[in-house]
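Beneath this line is the structure, given in structure tokens, with notes to follow.
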Amino acid sequence: MKRFYLTTAIDYANGSPHLGHAYEKILADAIVRARRLEGVSCHFLTGLDEHGQKVQETAERLGRDPQLLCDGMAKEFQAMCQRMGVAYDDYIRTTEPRHREVVKDILRQLNRKGEIYKAVYGGLYSVRAERFVQEKDRIDGRWPEDFGEVIELEEENYFFRLSNYQDWLVDFLQKNSNFIFPAHRQRQVLEFLKEPLNDLCISRPKSRLHWGIEMPFDGDYVTYVWFDALINYISAVGYGTENFSNFWPADVHVIGKDILSPAHAVYWPIMLHALDLPLPRCLLAHGWWLAKGGAKMSKSEGNAVHPMDYADIYGSDAFRYFVLREMNVGQDSNFSHDLFVARYRADLANDLGNLLSRLVSMVDRYCGGTVPAPALDGDLEKELKSFAESTVAHVRERCGAYDFAGALERIFSLVQAANRYLECREPWKLAKGGPEEQKMLRDCLGSGVECLRIGAELLFPAMPAAVEKMLAQLGVERAGDWRVLAWGKSTAGKKIGKRTILFPPVEEEEDALPPLSA
RNA sequence: CGCAGGAUGGAGCAGCUUGGUAGCUCGUCAGGCUCAUAACCUGAAGGUCGUUGGUUCAAAUCCAACUCCUGCACCCA
């Protein structure tokens, strides 16, 4: 049975995880969680890209074995996923035998088919940077300092016949306008494809680069890192085995906009096509997080956000909520401490956390801790029920369109509606009245709890851990299926759990900033 | 130069595909409430939707021109 198969980009093992990595994984995780709530069986892959020049250089600089270096990085990235509640099903590392063998198999196949040829490549080569450079790299006519000596170099390499497939790819993109999300990115790729494509150099001589997968038909070369890395999407799901068709084609490749073109939008489709494999259904290219005022985030600027610090201080769910709420998928977005705290305070602590808190408190105080049934008659109750149900429909639709910002905005409208409803009914006053008021009180609290229960179910893709805690306080099990999520009696008669503060208030001081370790 | 994205009340955003009284959150001001995490609810102030022209009965939304910001160097989500 074919599953919904989603991948993220595999992270490059040359640097520690940062906000961008965390965001991409959280976005992917939320998509998968939402899909599962629709009853779809899913497979969520992420992993680590371990070969290539940069990793080799870093390992040499540190005097460490590159494999050990990568082992450490894998642990770091996996720990981040764990911390962020990112529940992948499989983690692929490009140094694993299961990957290496598939890469070699594919190279053999393409070679047999005549898609690969050997040719001499000549150009300007920087000895210090250990790579080919171009005339346009010159600054004021001179080579940058860190290039060192630049020499003419001729080198034999293996090339993949990309250019043969350019027309096919353009045709494919024109016929499949939903291949890349958001749509304007697809136009950009088509623009890029107006220029003739060069064949792709897919080998590196071992004299220059040894840290890679050996070319199966020539032991003097290793495979170019991009060619190697992209294959993870099929090597991880058993390419060449009967299981493969349960996964491939992938439904979504979640990637950053920087690696859309040419790697994912050009190399990868052509590689697959040359192998007679179907293409993934969608490339989802997300934007970048910018520092305050739209500045680029970087380690050197010292304005990078450290996701783990936020998770440690505010909880991983608060962090997940922020990035999903604030980023319009596909566009760039700002991350600033002020924005984060504003969201945390207003949405999580005041609106949501406080709603839970007041409901649990009142059920405890006025109903002996047993949740009453939600009312079916009053006008306000009907209105609330109707809004909750339309919210379910709206959120399902938005999540299907990867619009978590829109979905979360709507869920918080529901939370506000519940707060407003309590304000209108004033259960704390009803509690002081006679039998009729007592009946209204029970109807009111039952409705309030039911409303929050539905909101919580909808929040699950964004805040899985917090939702479990909320539902535990409301005394209910998570339904775990949006298709049957209707206003009902599922909370009635349940005993509420222990009331705890889900999102504790944060201090006022500016110093409450997480430590910005450089 | 070219390509792409952006420009909406003090801040951050939505709306633009399928024109029709400008919406959300924060912030500010005034009021209400007391169940609750000094939280919640109500009301108000604040925008000629970058500029200029055009199409139209009607434009933030369509068209044209222009201005400003960002990205397009290996790497980086």
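Labels used: A, B, ... for chains in the order of the structure tokens, numbers from 1 for residues in each chain, and numbers from 1 for ligands as shown.
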Close residues, B:U42 itself excluded, 12 Å, only C-alpha atoms (C1' of nucleotides), min 6 positions apart in chain, as a list in words: Arg420, Glu423 and Cys424 of chain A; A30, G31, G32 and C33 of chain B
Those selected residues, please, written with all heavy atoms and delivered as a short mmCIF file (atom, residue, chain, number, x, y, z; two decimals), in the first residue's frame.
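part_17.cif written:
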data_model
loop_
_atom_site.label_atom_id
_atom_site.label_comp_id
_atom_site.auth_asym_id
_atom_site.auth_seq_id
_atom_site.Cartn_x
_atom_site.Cartn_y
_atom_site.Cartn_z
N ARG A 420 -14.81 34.43 25.12
CA ARG A 420 -15.91 35.38 25.01
C ARG A 420 -17.21 34.74 25.49
O ARG A 420 -18.02 35.35 26.19
CB ARG A 420 -16.05 35.83 23.55
CG ARG A 420 -16.82 37.11 23.35
CD ARG A 420 -16.87 37.48 21.86
NE ARG A 420 -15.54 37.42 21.25
CZ ARG A 420 -15.27 36.74 20.14
NH1 ARG A 420 -16.21 36.06 19.52
NH2 ARG A 420 -14.04 36.74 19.66
N GLU A 423 -17.46 34.69 29.09
CA GLU A 423 -17.74 36.05 29.55
C GLU A 423 -19.23 36.37 29.47
O GLU A 423 -19.78 37.05 30.33
CB GLU A 423 -16.94 37.03 28.68
CG GLU A 423 -16.21 38.10 29.43
CD GLU A 423 -15.30 37.55 30.51
OE1 GLU A 423 -14.54 36.58 30.24
OE2 GLU A 423 -15.35 38.10 31.62
N CYS A 424 -19.87 35.87 28.43
CA CYS A 424 -21.30 36.13 28.25
C CYS A 424 -22.14 35.33 29.24
O CYS A 424 -23.11 35.82 29.79
CB CYS A 424 -21.72 35.76 26.82
SG CYS A 424 -21.02 36.84 25.59
P A B 30 -6.58 55.53 30.21
OP1 A B 30 -6.46 56.57 31.25
OP2 A B 30 -5.94 54.21 30.40
"O5'" A B 30 -8.11 55.29 29.89
"C5'" A B 30 -8.99 56.40 29.76
"C4'" A B 30 -10.37 55.92 29.39
"O4'" A B 30 -10.32 55.24 28.10
"C3'" A B 30 -10.98 54.87 30.32
"O3'" A B 30 -11.52 55.42 31.51
"C2'" A B 30 -12.06 54.30 29.42
"O2'" A B 30 -13.16 55.17 29.29
"C1'" A B 30 -11.31 54.21 28.09
N9 A B 30 -10.64 52.90 27.97
C8 A B 30 -9.32 52.59 28.18
N7 A B 30 -9.05 51.31 28.01
C5 A B 30 -10.27 50.76 27.67
C6 A B 30 -10.66 49.44 27.37
N6 A B 30 -9.83 48.41 27.36
N1 A B 30 -11.96 49.22 27.07
C2 A B 30 -12.81 50.26 27.08
N3 A B 30 -12.56 51.55 27.35
C4 A B 30 -11.26 51.73 27.63
P G B 31 -11.64 54.46 32.80
OP1 G B 31 -12.16 55.31 33.89
OP2 G B 31 -10.37 53.73 32.94
"O5'" G B 31 -12.75 53.39 32.39
"C5'" G B 31 -14.12 53.68 32.55
"C4'" G B 31 -14.96 52.63 31.90
"O4'" G B 31 -14.34 52.18 30.67
"C3'" G B 31 -15.14 51.31 32.67
"O3'" G B 31 -16.07 51.41 33.73
"C2'" G B 31 -15.64 50.41 31.55
"O2'" G B 31 -16.97 50.70 31.19
"C1'" G B 31 -14.71 50.83 30.41
N9 G B 31 -13.50 50.00 30.41
C8 G B 31 -12.22 50.35 30.75
N7 G B 31 -11.37 49.36 30.66
C5 G B 31 -12.14 48.27 30.26
C6 G B 31 -11.80 46.93 30.01
O6 G B 31 -10.69 46.39 30.10
N1 G B 31 -12.90 46.17 29.62
C2 G B 31 -14.18 46.65 29.49
N2 G B 31 -15.10 45.77 29.10
N3 G B 31 -14.52 47.91 29.71
C4 G B 31 -13.47 48.66 30.09
P G B 32 -15.91 50.45 35.00
OP1 G B 32 -16.89 50.91 36.00
OP2 G B 32 -14.48 50.36 35.32
"O5'" G B 32 -16.36 49.04 34.44
"C5'" G B 32 -17.71 48.84 33.97
"C4'" G B 32 -17.86 47.44 33.45
"O4'" G B 32 -16.90 47.22 32.37
"C3'" G B 32 -17.53 46.33 34.44
"O3'" G B 32 -18.61 46.06 35.31
"C2'" G B 32 -17.27 45.16 33.50
"O2'" G B 32 -18.46 44.61 32.99
"C1'" G B 32 -16.51 45.86 32.37
N9 G B 32 -15.06 45.80 32.58
C8 G B 32 -14.21 46.80 32.99
N7 G B 32 -12.96 46.41 33.09
C5 G B 32 -13.00 45.07 32.74
C6 G B 32 -11.95 44.10 32.67
O6 G B 32 -10.75 44.25 32.92
N1 G B 32 -12.43 42.84 32.28
C2 G B 32 -13.74 42.56 31.98
N2 G B 32 -14.00 41.32 31.63
N3 G B 32 -14.72 43.46 32.04
C4 G B 32 -14.28 44.67 32.42
P C B 33 -18.30 45.49 36.77
OP1 C B 33 -19.59 45.38 37.47
OP2 C B 33 -17.19 46.26 37.36
"O5'" C B 33 -17.76 44.02 36.47
"C5'" C B 33 -18.64 43.01 35.96
"C4'" C B 33 -17.85 41.77 35.67
"O4'" C B 33 -16.76 42.10 34.77
"C3'" C B 33 -17.14 41.15 36.88
"O3'" C B 33 -18.03 40.31 37.58
"C2'" C B 33 -16.05 40.34 36.19
"O2'" C B 33 -16.53 39.14 35.64
"C1'" C B 33 -15.63 41.28 35.06
N1 C B 33 -14.50 42.15 35.42
C2 C B 33 -13.22 41.59 35.42
O2 C B 33 -13.09 40.39 35.17
N3 C B 33 -12.15 42.37 35.73
C4 C B 33 -12.34 43.66 36.02
N4 C B 33 -11.26 44.40 36.31
C5 C B 33 -13.63 44.26 36.02
C6 C B 33 -14.68 43.47 35.72
#
Could you please select, counting only C-alpha atoms (C1' of nucleotides), the residues of chain A within 7 Å of chain B and state them as a PyMOL selection string? chain A and resi 20-21+24+137+188+256+288+342+349-350+354+357-358+361-362+419-420+423+428+501+504-505
Write out as a ChimeraX atom specification all residues of stretch 218-328 of chain A that DSSP puts in strand (DSSP E or B) for this structure's backbone. /A:218-223,252-256,283-286,289-290,296
Selected residues written out, N, CA and C atoms, as a PDB file, in the first residue's frame:
ATOM      1  N   ASP A 218      35.251   3.464 -11.763  1.00  0.00           N
ATOM      2  CA  ASP A 218      36.578   4.081 -11.791  1.00  0.00           C
ATOM      3  C   ASP A 218      37.020   4.449 -10.377  1.00  0.00           C
ATOM      4  N   GLY A 219      37.896   3.627  -9.837  1.00  0.00           N
ATOM      5  CA  GLY A 219      38.325   3.778  -8.454  1.00  0.00           C
ATOM      6  C   GLY A 219      39.151   5.021  -8.168  1.00  0.00           C
ATOM      7  N   ASP A 220      39.462   5.789  -9.195  1.00  0.00           N
ATOM      8  CA  ASP A 220      40.243   7.009  -8.960  1.00  0.00           C
ATOM      9  C   ASP A 220      39.363   8.206  -8.611  1.00  0.00           C
ATOM     10  N   TYR A 221      38.057   7.986  -8.640  1.00  0.00           N
ATOM     11  CA  TYR A 221      37.134   9.112  -8.436  1.00  0.00           C
ATOM     12  C   TYR A 221      36.097   8.816  -7.346  1.00  0.00           C
ATOM     13  N   VAL A 222      35.624   9.880  -6.731  1.00  0.00           N
ATOM     14  CA  VAL A 222      34.450   9.761  -5.866  1.00  0.00           C
ATOM     15  C   VAL A 222      33.307  10.572  -6.496  1.00  0.00           C
ATOM     16  N   THR A 223      32.109  10.348  -5.994  1.00  0.00           N
ATOM     17  CA  THR A 223      30.917  10.971  -6.563  1.00  0.00           C
ATOM     18  C   THR A 223      30.713  12.371  -6.005  1.00  0.00           C
ATOM     19  N   VAL A 252       5.948  14.801  -0.983  1.00  0.00           N
ATOM     20  CA  VAL A 252       6.519  16.138  -0.799  1.00  0.00           C
ATOM     21  C   VAL A 252       7.995  16.049  -0.426  1.00  0.00           C
ATOM     22  N   HIS A 253       8.801  16.832  -1.091  1.00  0.00           N
ATOM     23  CA  HIS A 253      10.158  17.105  -0.621  1.00  0.00           C
ATOM     24  C   HIS A 253      10.118  18.495   0.007  1.00  0.00           C
ATOM     25  N   VAL A 254      10.276  18.572   1.305  1.00  0.00           N
ATOM     26  CA  VAL A 254      10.343  19.880   1.953  1.00  0.00           C
ATOM     27  C   VAL A 254      11.797  20.348   1.924  1.00  0.00           C
ATOM     28  N   ILE A 255      12.021  21.496   1.317  1.00  0.00           N
ATOM     29  CA  ILE A 255      13.388  22.015   1.183  1.00  0.00           C
ATOM     30  C   ILE A 255      13.403  23.530   1.373  1.00  0.00           C
ATOM     31  N   GLY A 256      14.583  24.079   1.534  1.00  0.00           N
ATOM     32  CA  GLY A 256      14.717  25.526   1.591  1.00  0.00           C
ATOM     33  C   GLY A 256      14.811  26.085   0.183  1.00  0.00           C
ATOM     34  N   LEU A 283       7.523  19.749  -4.765  1.00  0.00           N
ATOM     35  CA  LEU A 283       8.671  20.316  -4.056  1.00  0.00           C
ATOM     36  C   LEU A 283       8.141  21.508  -3.271  1.00  0.00           C
ATOM     37  N   LEU A 284       8.274  21.452  -1.974  1.00  0.00           N
ATOM     38  CA  LEU A 284       7.794  22.549  -1.143  1.00  0.00           C
ATOM     39  C   LEU A 284       8.996  23.361  -0.687  1.00  0.00           C
ATOM     40  N   ALA A 285       9.141  24.548  -1.262  1.00  0.00           N
ATOM     41  CA  ALA A 285      10.318  25.375  -0.972  1.00  0.00           C
ATOM     42  C   ALA A 285       9.949  26.461   0.033  1.00  0.00           C
ATOM     43  N   HIS A 286      10.440  26.335   1.237  1.00  0.00           N
ATOM     44  CA  HIS A 286      10.121  27.334   2.248  1.00  0.00           C
ATOM     45  C   HIS A 286      11.135  28.474   2.220  1.00  0.00           C
ATOM     46  N   TRP A 289      14.406  32.490   7.579  1.00  0.00           N
ATOM     47  CA  TRP A 289      14.220  33.322   8.759  1.00  0.00           C
ATOM     48  C   TRP A 289      15.243  34.434   8.745  1.00  0.00           C
ATOM     49  N   LEU A 290      14.747  35.648   8.920  1.00  0.00           N
ATOM     50  CA  LEU A 290      15.640  36.794   8.930  1.00  0.00           C
ATOM     51  C   LEU A 290      15.678  37.366  10.335  1.00  0.00           C
ATOM     52  N   LYS A 296      20.011  39.310   7.271  1.00  0.00           N
ATOM     53  CA  LYS A 296      20.315  37.897   7.143  1.00  0.00           C
ATOM     54  C   LYS A 296      20.912  37.390   8.454  1.00  0.00           C
TER      55      LYS A 296
END
Non-local contacts of A:Ala373 (12 Å; only C-alpha atoms (C1' of nucleotides); under 4 positions in same chain excluded) as a list in words: Val363, Cys367, Asp377, Glu381, Lys439, Met440, Leu441, Arg442, Asp443, Cys444, Leu445, Gly446, Ser447, Gly448, Val449, Glu450, Cys451, Trp487, Gly488, Lys489, Ser490, Thr491, Ala492, Gly493 and Lys494 of chain A
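Here atom CA of A:Glu96 stands at a distance of 13.0 Å from atom CA of A:Gly238.
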